[in-house]
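Q: Shown below is the structure under consideration.
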Amino acid sequence: MNCSSPTPDSLFQELEKNLFSKSLVRPVASFSDSMNITLSVTVVGILGVVMDLFGVLQEWDIPGLSWDEQKCGAKRVSVPRDKLWVPDVLIAEFLDEDKSPKPPYVYLYNTGHVFDDKPVRVVSSCQLGIYNFPFDIQNCSLTFGSYLHFATDIRMFPGNTAAEILQESRDVMDSNGEWELADIGVDLSMLELDVGEYSEIKYSVIIRRRPTLYVVNLLVPSCFLITVDLFSFLLPPQSVDRASFKMTLILGYTVFLLIMNDLLPATGETTPLINVFFSISLALMVASLLETVFITNIQFSSGRYSAVPHWLSVLVLRYLAVVVCIPPKEKSNRVTVSFNPPFKESTITTTSTTVPVKAPLRTEAPPDPALEELKKLSRDLTAVRLQMDKYFQSSKSSEEWQMIGLVIDRLLFGLYIVFILVSFLTIMGIWLWNNTYAA
C-alpha cells in the first residue's frame with residue numbers, strides 16, 4: 001500500500017481499497033495455501049470446576065499486505081474486527097454460550113500481521129474424578145481448532161510453551177476461590193474424520209481443589225465424634241448410661257451429616273472416599289451401640305441363658321480372646337465330691353443247687369430311730385447337692401457369656417483404633433500427595 005501522506009485518512013483509504021473490500025475471502029495468495037494461526041492462552045481466573053476465564057490470543061499474517069511506516073505514519077493500527085476475515089477457531093468442549101465481552105477491534109501491523117486478543121469465559125465439560133475429594137486434582141481439556149476449515153486451509157500452532165503459559169497465568173491469576181491452577185499441558189494434534197483432517201491444539205488445564213474448607217467443616221468434626229465414641233468404651237459395660245451416651249452420639253452424627261450434605265459432591269462416576277469414611281464411621285457407631293445392648297443384656301440376664309454353644313465358645317474364648325490379648329481364665333482346682341446313694345439291702349442269689357431249707361419264722365425287729373434319721377438326712381443332703389450343682393452350672397454358663405461379651409467389647413474397641421489410625425494415615429497421605437503434585 002502506498003499512502004499519499006502520513007495521515008490516518010490516507011492509511012484508512014488504502015486499507016479500504018486493498019483489504020476491507022476483500023474480507024469475505026480467506027486472505028491467501030492461492031486457495032491451496034494454508035493459513036498458519038498462532039494461538040496463545042492465559043488462564044486469568046478459575047471460577048469453578050467447569051468455568052474458566054481465559055485470555056485467548058490469535059495471530060496470523062495476511063500475505064502481500066504491507067506499508068511503509070514513514071510514508072503512512074504508523075507501524076500498527078487498530079481496525080474493526082468485522083472489516084477483516086477472522087478464523088473460526090472455537091473450543092470443542094463448549095457447553096454454554098460465551099458471555100464474555102467482545103472487543104470490537106484488532107491490531108494490524110505494517111507487515112500484514114494481525115494481533116487478535118480477547119477474553120473467553122469457558123463453560124466446558126470436564127471429566128470429574130472425585131474419589132479423593134476434597135484432595136482431588138482435575139484434568140480439564142480445552143481443544144482449540146477450526147470448526148469448518150480443514151488442516152489444508154488452517155493449521156494451528158501454539159504461541160508459547162506450557163511452562164511459559166503456567167508462569168504467565170500464575171502471575172496474572174487473581175481468583176482465590178475453591179480451585180487453584182496446578183499445571184498446564186500443550187499438545188498439537190490432528191483430528192482425523194471421514195471428510196478430512198482438522199488441525200487442533202489441546203490444552204490440559206490441571207486444577208487442584210483447596211481442601212481447607214472441607215477439612216475444617218467435615219473431617220475434623222467427624223474425627224472428634226468418632227474419638228468421643230472411642231473413649232466411651234471406657235465406661236463400664238454394665239452401665240445403662242453407656243448405651244444412652246452412644247445413642248446421643250449417633251443422633252448428633254446423623255444431624256451433622258444432614259447439615260453438611262450440601263458440601264459433598266453430587267457428580268462423578270465414583271463414590272468419594274470421604275463418603276466411605278462417613279459410612280464406616282456411622283456403621284461403627286451403630287455396631288458399638290448394638291454391642292453395648294448385647295453386653296448389658298448379658299450382664300443382667302445371662303443367668304437365664306442356656307449353656308454357650310461349643311462352636312461359639314471355641315471361636316470367641318479360644319481364638320478371639322488371644323487376638324484381643326485377653327488371657328484365658330484358669331480352671332479351678334476345686335473337686336466336687338459325690339456321695340454314694342443311701343445303702344439299700346441287696347438280695348443274695350446263689351447259683352448252686354441246694355436243698356431248700358425252711359427257715360424258722362422270726363419276728364422283725366422294730367426300726368431303729370437313729371437309722372431313720374440318717375436316711376432322712378441323706379435324702380436332704382442329696383437334694384442340696386443337686387441344687388448346688390445346678391447353681392454352679394448356671395454360674396459357669398453366666399461367666400462364659402460375660403466373657404464372650406468382654407471379648408466382643410475389646411474386639412470392637414481394637415477395630416475402632418485400627419480404623420482411626422488407617423483413616424488418619426490415608427487422609428494425611430492423600431493431602432501430602434495433593435500438595436506435592438507435579439505433572
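Ordered as shown in the C-alpha cells, chains take letters A, B, and onward, while each chain numbers its residues from 1 and ligands are numbered from 1 in the order shown.
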Skip segment 31-42 of chain A itself and residues of its chain fewer than 3 positions away, then list as a list in words all residues within 7 Å of it, counting only C-alpha atoms.
A: Val28, Phe54, Gly55, Val56, Leu57, Gln58, Glu59, Trp60, Thr152, Asp153, Ile154, Arg155, Met156, Phe157, Pro158, Gly159, Asn160, Ile165, Glu168 and Ser169 of chain A
Q: Name the residues in contact with Asp136 of chain A at a cut-off of 7 Å, using only C-alpha atoms, excluding same-chain residues fewer than 4 positions from it; report them as a list in words.
A: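 Returned residues: Ile130, Asn132, Arg208 and Arg209 of chain A.
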Q: Contacts of Ile420 of chain A at 10 Å or less, counting only C-alpha atoms, minus same-chain residues fewer than 2 places along, as a list of chain:residue names?
A: A:Cys223, A:Ile226, A:Thr227, A:Leu230, A:Phe277, A:Ser281, A:Gly414, A:Leu415, A:Tyr416, A:Ile417, A:Val418, A:Val422, A:Ser423, A:Phe424, A:Leu425, A:Thr426
Q: Next, the residues of the selection above should be written as a short mmCIF file (atom, residue, chain, number, x, y, z; two decimals), in the first residue's frame with N, CA and C atoms.
A:
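The new file out-v1.cif reads:
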data_model
loop_
_atom_site.label_atom_id
_atom_site.label_comp_id
_atom_site.auth_asym_id
_atom_site.auth_seq_id
_atom_site.Cartn_x
_atom_site.Cartn_y
_atom_site.Cartn_z
N CYS A 223 -14.04 -36.65 62.96
CA CYS A 223 -13.00 -37.31 63.76
C CYS A 223 -13.22 -37.08 65.25
N ILE A 226 -16.02 -39.45 66.36
CA ILE A 226 -15.53 -40.83 66.40
C ILE A 226 -14.63 -41.05 67.61
N THR A 227 -13.79 -40.06 67.91
CA THR A 227 -12.90 -40.19 69.06
C THR A 227 -13.68 -40.23 70.37
N LEU A 230 -15.04 -43.56 70.72
CA LEU A 230 -13.98 -44.48 71.10
C LEU A 230 -13.74 -44.47 72.61
N PHE A 277 -15.72 -43.06 54.26
CA PHE A 277 -15.28 -42.80 55.64
C PHE A 277 -16.47 -42.48 56.55
N SER A 281 -17.83 -44.86 59.59
CA SER A 281 -17.91 -44.26 60.93
C SER A 281 -19.29 -44.46 61.53
N GLY A 414 -10.67 -52.45 69.56
CA GLY A 414 -9.50 -52.54 68.72
C GLY A 414 -9.78 -52.15 67.28
N LEU A 415 -10.96 -52.56 66.77
CA LEU A 415 -11.32 -52.17 65.41
C LEU A 415 -11.48 -50.66 65.29
N TYR A 416 -12.00 -50.03 66.31
CA TYR A 416 -12.10 -48.57 66.33
C TYR A 416 -10.72 -47.93 66.21
N ILE A 417 -9.78 -48.41 66.99
CA ILE A 417 -8.43 -47.83 66.97
C ILE A 417 -7.78 -48.03 65.60
N VAL A 418 -7.93 -49.24 65.04
CA VAL A 418 -7.35 -49.51 63.72
C VAL A 418 -7.99 -48.61 62.66
N VAL A 422 -5.89 -45.94 60.42
CA VAL A 422 -5.86 -46.08 58.95
C VAL A 422 -6.45 -44.85 58.27
N SER A 423 -7.54 -44.33 58.81
CA SER A 423 -8.16 -43.13 58.22
C SER A 423 -7.22 -41.94 58.33
N PHE A 424 -6.59 -41.78 59.47
CA PHE A 424 -5.68 -40.65 59.65
C PHE A 424 -4.49 -40.75 58.68
N LEU A 425 -3.90 -41.94 58.56
CA LEU A 425 -2.77 -42.09 57.65
C LEU A 425 -3.19 -41.90 56.20
N THR A 426 -4.38 -42.39 55.84
CA THR A 426 -4.86 -42.22 54.46
C THR A 426 -5.09 -40.76 54.14
#
Q: Here is a test: counting only C-alpha atoms, which residue of A:Val286, A:Leu251, A:Ala182, A:Ala151 is nearest to Tyr198 of chain A?
A: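 Among A:Val286, A:Leu251, A:Ala182, A:Ala151, it is A:Ala151 that comes nearest to Tyr198 of chain A.
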Q: Report as a CSV table (one decimal) with C-alpha atoms, in the first residue's frame all protein, DNA and RNA residues lying within 9 Å of Tyr203 of chain A, evaluated on only C-alpha atoms, omitting residues in the same chain fewer than 6 positions from it.
A:
chain,number,residue,atom,x,y,z
A,41,VAL,CA,-3.8,-18.7,26.1
A,140,CYS,CA,-9.8,-30.4,32.2
A,141,SER,CA,-9.1,-30.4,28.5
A,142,LEU,CA,-9.7,-27.5,26.2
A,143,THR,CA,-9.3,-28.2,22.4
A,144,PHE,CA,-8.9,-25.2,20.1
A,162,ALA,CA,3.4,-25.0,28.6
A,184,ILE,CA,-0.9,-26.8,32.1
A,185,GLY,CA,-0.1,-29.1,29.2
A,186,VAL,CA,0.0,-28.3,25.5
A,187,ASP,CA,-0.4,-30.9,22.7
A,188,LEU,CA,-0.6,-30.3,19.0
Q: Using only C-alpha atoms for the distances, tell me which of A:Ile274, A:Leu19, A:Leu235, A:Ala283 is nearest to Tyr253 of chain A.
A: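 For Tyr253 of chain A, the nearest of the given residues is A:Ala283.
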Q: Under the rule that only C-alpha atoms are counted, which of A:Val172, A:Leu282, A:Arg76, A:Phe233 is the nearest residue to Leu257 of chain A?
A: A:Leu282
Q: Write out as a list in words each polymer residue whose atoms come within 9 Å of Leu11 of chain A, counting only C-alpha atoms; drop sequence neighbours fewer than 6 positions from it.
A: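 Everything that qualifies: Met1, Asn2, Cys3, Ser4, Ser5, Trp67, Cys72, Gly73 and Ala74 of chain A.
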Q: Selection from above, N, CA and C atoms, as a compact mmCIF listing (two decimals), in the first residue's frame, can you write it?
A:
# COMPACT_ATOMS: atom_id res chain seq x y z
N MET A 1 0.85 -1.18 0.00
CA MET A 1 0.00 0.00 0.00
C MET A 1 0.89 1.23 0.00
N ASN A 2 0.53 2.19 -0.83
CA ASN A 2 1.26 3.45 -0.93
C ASN A 2 0.36 4.57 -0.42
N CYS A 3 0.72 5.12 0.71
CA CYS A 3 -0.07 6.19 1.30
C CYS A 3 0.35 7.52 0.68
N SER A 4 -0.63 8.38 0.42
CA SER A 4 -0.32 9.68 -0.16
C SER A 4 0.28 10.63 0.86
N SER A 5 -0.01 10.40 2.13
CA SER A 5 0.52 11.24 3.19
C SER A 5 0.50 10.42 4.49
N TRP A 67 2.94 -1.86 4.37
CA TRP A 67 3.05 -0.44 4.06
C TRP A 67 4.28 0.12 4.76
N CYS A 72 3.20 6.16 5.71
CA CYS A 72 1.81 6.08 6.20
C CYS A 72 1.67 6.60 7.62
N GLY A 73 2.78 6.82 8.33
CA GLY A 73 2.72 7.47 9.63
C GLY A 73 2.39 6.55 10.80
N ALA A 74 2.39 5.22 10.64
CA ALA A 74 2.07 4.31 11.74
C ALA A 74 2.64 2.93 11.46
Q: I need the residues of segment 82-304 of chain A that end up classed as alpha helix (DSSP H) by DSSP on the backbone, written out as a PDB file with C-alpha atoms, in the first residue's frame.
A:
ATOM      1  CA  ALA A 162       3.407 -24.983  28.624  1.00  0.00           C
ATOM      2  CA  ALA A 163       5.924 -23.649  31.152  1.00  0.00           C
ATOM      3  CA  GLU A 164       5.515 -20.106  29.824  1.00  0.00           C
ATOM      4  CA  ILE A 165       1.714 -20.366  29.937  1.00  0.00           C
ATOM      5  CA  LEU A 166       1.821 -21.666  33.506  1.00  0.00           C
ATOM      6  CA  GLN A 167       4.163 -18.936  34.711  1.00  0.00           C
ATOM      7  CA  GLU A 168       2.238 -16.148  32.998  1.00  0.00           C
ATOM      8  CA  SER A 169      -1.090 -17.489  34.263  1.00  0.00           C
ATOM      9  CA  ARG A 170       0.155 -17.627  37.853  1.00  0.00           C
ATOM     10  CA  ASP A 171       1.431 -14.050  37.547  1.00  0.00           C
ATOM     11  CA  VAL A 172      -1.945 -12.676  36.457  1.00  0.00           C
ATOM     12  CA  THR A 212      -9.044 -26.486  53.945  1.00  0.00           C
ATOM     13  CA  LEU A 213     -12.769 -25.660  53.978  1.00  0.00           C
ATOM     14  CA  TYR A 214     -13.775 -29.312  53.807  1.00  0.00           C
ATOM     15  CA  VAL A 220     -12.339 -32.562  61.851  1.00  0.00           C
ATOM     16  CA  PRO A 221     -15.864 -32.686  63.417  1.00  0.00           C
ATOM     17  CA  SER A 222     -16.323 -36.271  62.233  1.00  0.00           C
ATOM     18  CA  CYS A 223     -12.996 -37.312  63.762  1.00  0.00           C
ATOM     19  CA  PHE A 224     -13.976 -35.617  67.040  1.00  0.00           C
ATOM     20  CA  LEU A 225     -17.258 -37.562  67.240  1.00  0.00           C
ATOM     21  CA  ILE A 226     -15.535 -40.833  66.396  1.00  0.00           C
ATOM     22  CA  THR A 227     -12.895 -40.187  69.063  1.00  0.00           C
ATOM     23  CA  VAL A 228     -15.562 -39.450  71.682  1.00  0.00           C
ATOM     24  CA  ASP A 229     -17.307 -42.705  70.773  1.00  0.00           C
ATOM     25  CA  LEU A 230     -13.976 -44.481  71.100  1.00  0.00           C
ATOM     26  CA  PHE A 231     -13.449 -43.199  74.646  1.00  0.00           C
ATOM     27  CA  VAL A 240     -27.084 -48.161  81.251  1.00  0.00           C
ATOM     28  CA  ASP A 241     -25.609 -44.671  80.733  1.00  0.00           C
ATOM     29  CA  ARG A 242     -23.185 -46.092  78.188  1.00  0.00           C
ATOM     30  CA  ALA A 243     -25.979 -47.072  75.797  1.00  0.00           C
ATOM     31  CA  SER A 244     -27.756 -43.721  76.124  1.00  0.00           C
ATOM     32  CA  PHE A 245     -24.463 -41.901  75.600  1.00  0.00           C
ATOM     33  CA  LYS A 246     -23.787 -43.806  72.374  1.00  0.00           C
ATOM     34  CA  MET A 247     -27.335 -43.192  71.167  1.00  0.00           C
ATOM     35  CA  THR A 248     -26.815 -39.456  71.671  1.00  0.00           C
ATOM     36  CA  LEU A 249     -23.603 -39.609  69.638  1.00  0.00           C
ATOM     37  CA  ILE A 250     -25.334 -41.420  66.773  1.00  0.00           C
ATOM     38  CA  LEU A 251     -28.107 -38.821  66.749  1.00  0.00           C
ATOM     39  CA  GLY A 252     -25.570 -35.988  66.720  1.00  0.00           C
ATOM     40  CA  TYR A 253     -23.530 -37.606  63.942  1.00  0.00           C
ATOM     41  CA  THR A 254     -26.647 -38.094  61.807  1.00  0.00           C
ATOM     42  CA  VAL A 255     -27.648 -34.448  62.207  1.00  0.00           C
ATOM     43  CA  PHE A 256     -24.066 -33.442  61.335  1.00  0.00           C
ATOM     44  CA  LEU A 257     -24.177 -35.458  58.082  1.00  0.00           C
ATOM     45  CA  LEU A 258     -27.531 -33.964  57.107  1.00  0.00           C
ATOM     46  CA  ILE A 259     -26.288 -30.417  57.663  1.00  0.00           C
ATOM     47  CA  LEU A 273     -13.511 -41.795  49.668  1.00  0.00           C
ATOM     48  CA  ILE A 274     -14.796 -39.333  52.257  1.00  0.00           C
ATOM     49  CA  ASN A 275     -18.329 -40.742  51.817  1.00  0.00           C
ATOM     50  CA  VAL A 276     -16.963 -44.208  52.540  1.00  0.00           C
ATOM     51  CA  PHE A 277     -15.282 -42.799  55.640  1.00  0.00           C
ATOM     52  CA  PHE A 278     -18.562 -41.310  56.882  1.00  0.00           C
ATOM     53  CA  SER A 279     -20.473 -44.529  56.171  1.00  0.00           C
ATOM     54  CA  ILE A 280     -17.956 -46.713  58.012  1.00  0.00           C
ATOM     55  CA  SER A 281     -17.905 -44.265  60.927  1.00  0.00           C
ATOM     56  CA  LEU A 282     -21.694 -44.398  61.241  1.00  0.00           C
ATOM     57  CA  ALA A 283     -21.634 -48.195  60.903  1.00  0.00           C
ATOM     58  CA  LEU A 284     -19.086 -48.480  63.703  1.00  0.00           C
ATOM     59  CA  MET A 285     -21.177 -46.234  65.937  1.00  0.00           C
ATOM     60  CA  VAL A 286     -24.269 -48.373  65.330  1.00  0.00           C
ATOM     61  CA  ALA A 287     -22.245 -51.568  65.884  1.00  0.00           C
ATOM     62  CA  SER A 288     -20.890 -50.222  69.165  1.00  0.00           C
ATOM     63  CA  LEU A 289     -24.438 -49.383  70.311  1.00  0.00           C
ATOM     64  CA  LEU A 290     -25.700 -52.871  69.445  1.00  0.00           C
ATOM     65  CA  GLU A 291     -22.698 -54.398  71.170  1.00  0.00           C
ATOM     66  CA  THR A 292     -23.411 -52.309  74.267  1.00  0.00           C
ATOM     67  CA  VAL A 293     -27.022 -53.500  74.282  1.00  0.00           C
ATOM     68  CA  PHE A 294     -25.798 -57.085  73.949  1.00  0.00           C
ATOM     69  CA  ILE A 295     -23.336 -56.738  76.818  1.00  0.00           C
ATOM     70  CA  THR A 296     -25.896 -55.037  79.065  1.00  0.00           C
ATOM     71  CA  ASN A 297     -28.340 -57.839  78.386  1.00  0.00           C
ATOM     72  CA  ILE A 298     -25.678 -60.415  79.248  1.00  0.00           C
ATOM     73  CA  GLN A 299     -24.815 -58.649  82.498  1.00  0.00           C
ATOM     74  CA  PHE A 300     -28.413 -58.652  83.732  1.00  0.00           C
ATOM     75  CA  SER A 301     -29.920 -61.767  82.112  1.00  0.00           C
TER      76      SER A 301
END
Q: Work out how far atom CA of Asp96 of chain A is from atom CA of Asp183 of chain A, in Å to one decimal.
A: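 Atom CA of Asp183 of chain A sits 24.6 Å away from atom CA of Asp96 of chain A.
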Q: Per DSSP on the backbone, what are the strand (DSSP E) residues of segment 76-303 of chain A, as a PyMOL selection string?
A: chain A and resi 76-80+89-91+105-109+113-123+137-146+154-158+179-192+197-209
Q: Can you tell me how far atom CA of Val120 of chain A sits from atom CA of Ile91 of chain A, in Å to one decimal?
A: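 Atom CA of Val120 of chain A sits 9.9 Å away from atom CA of Ile91 of chain A.
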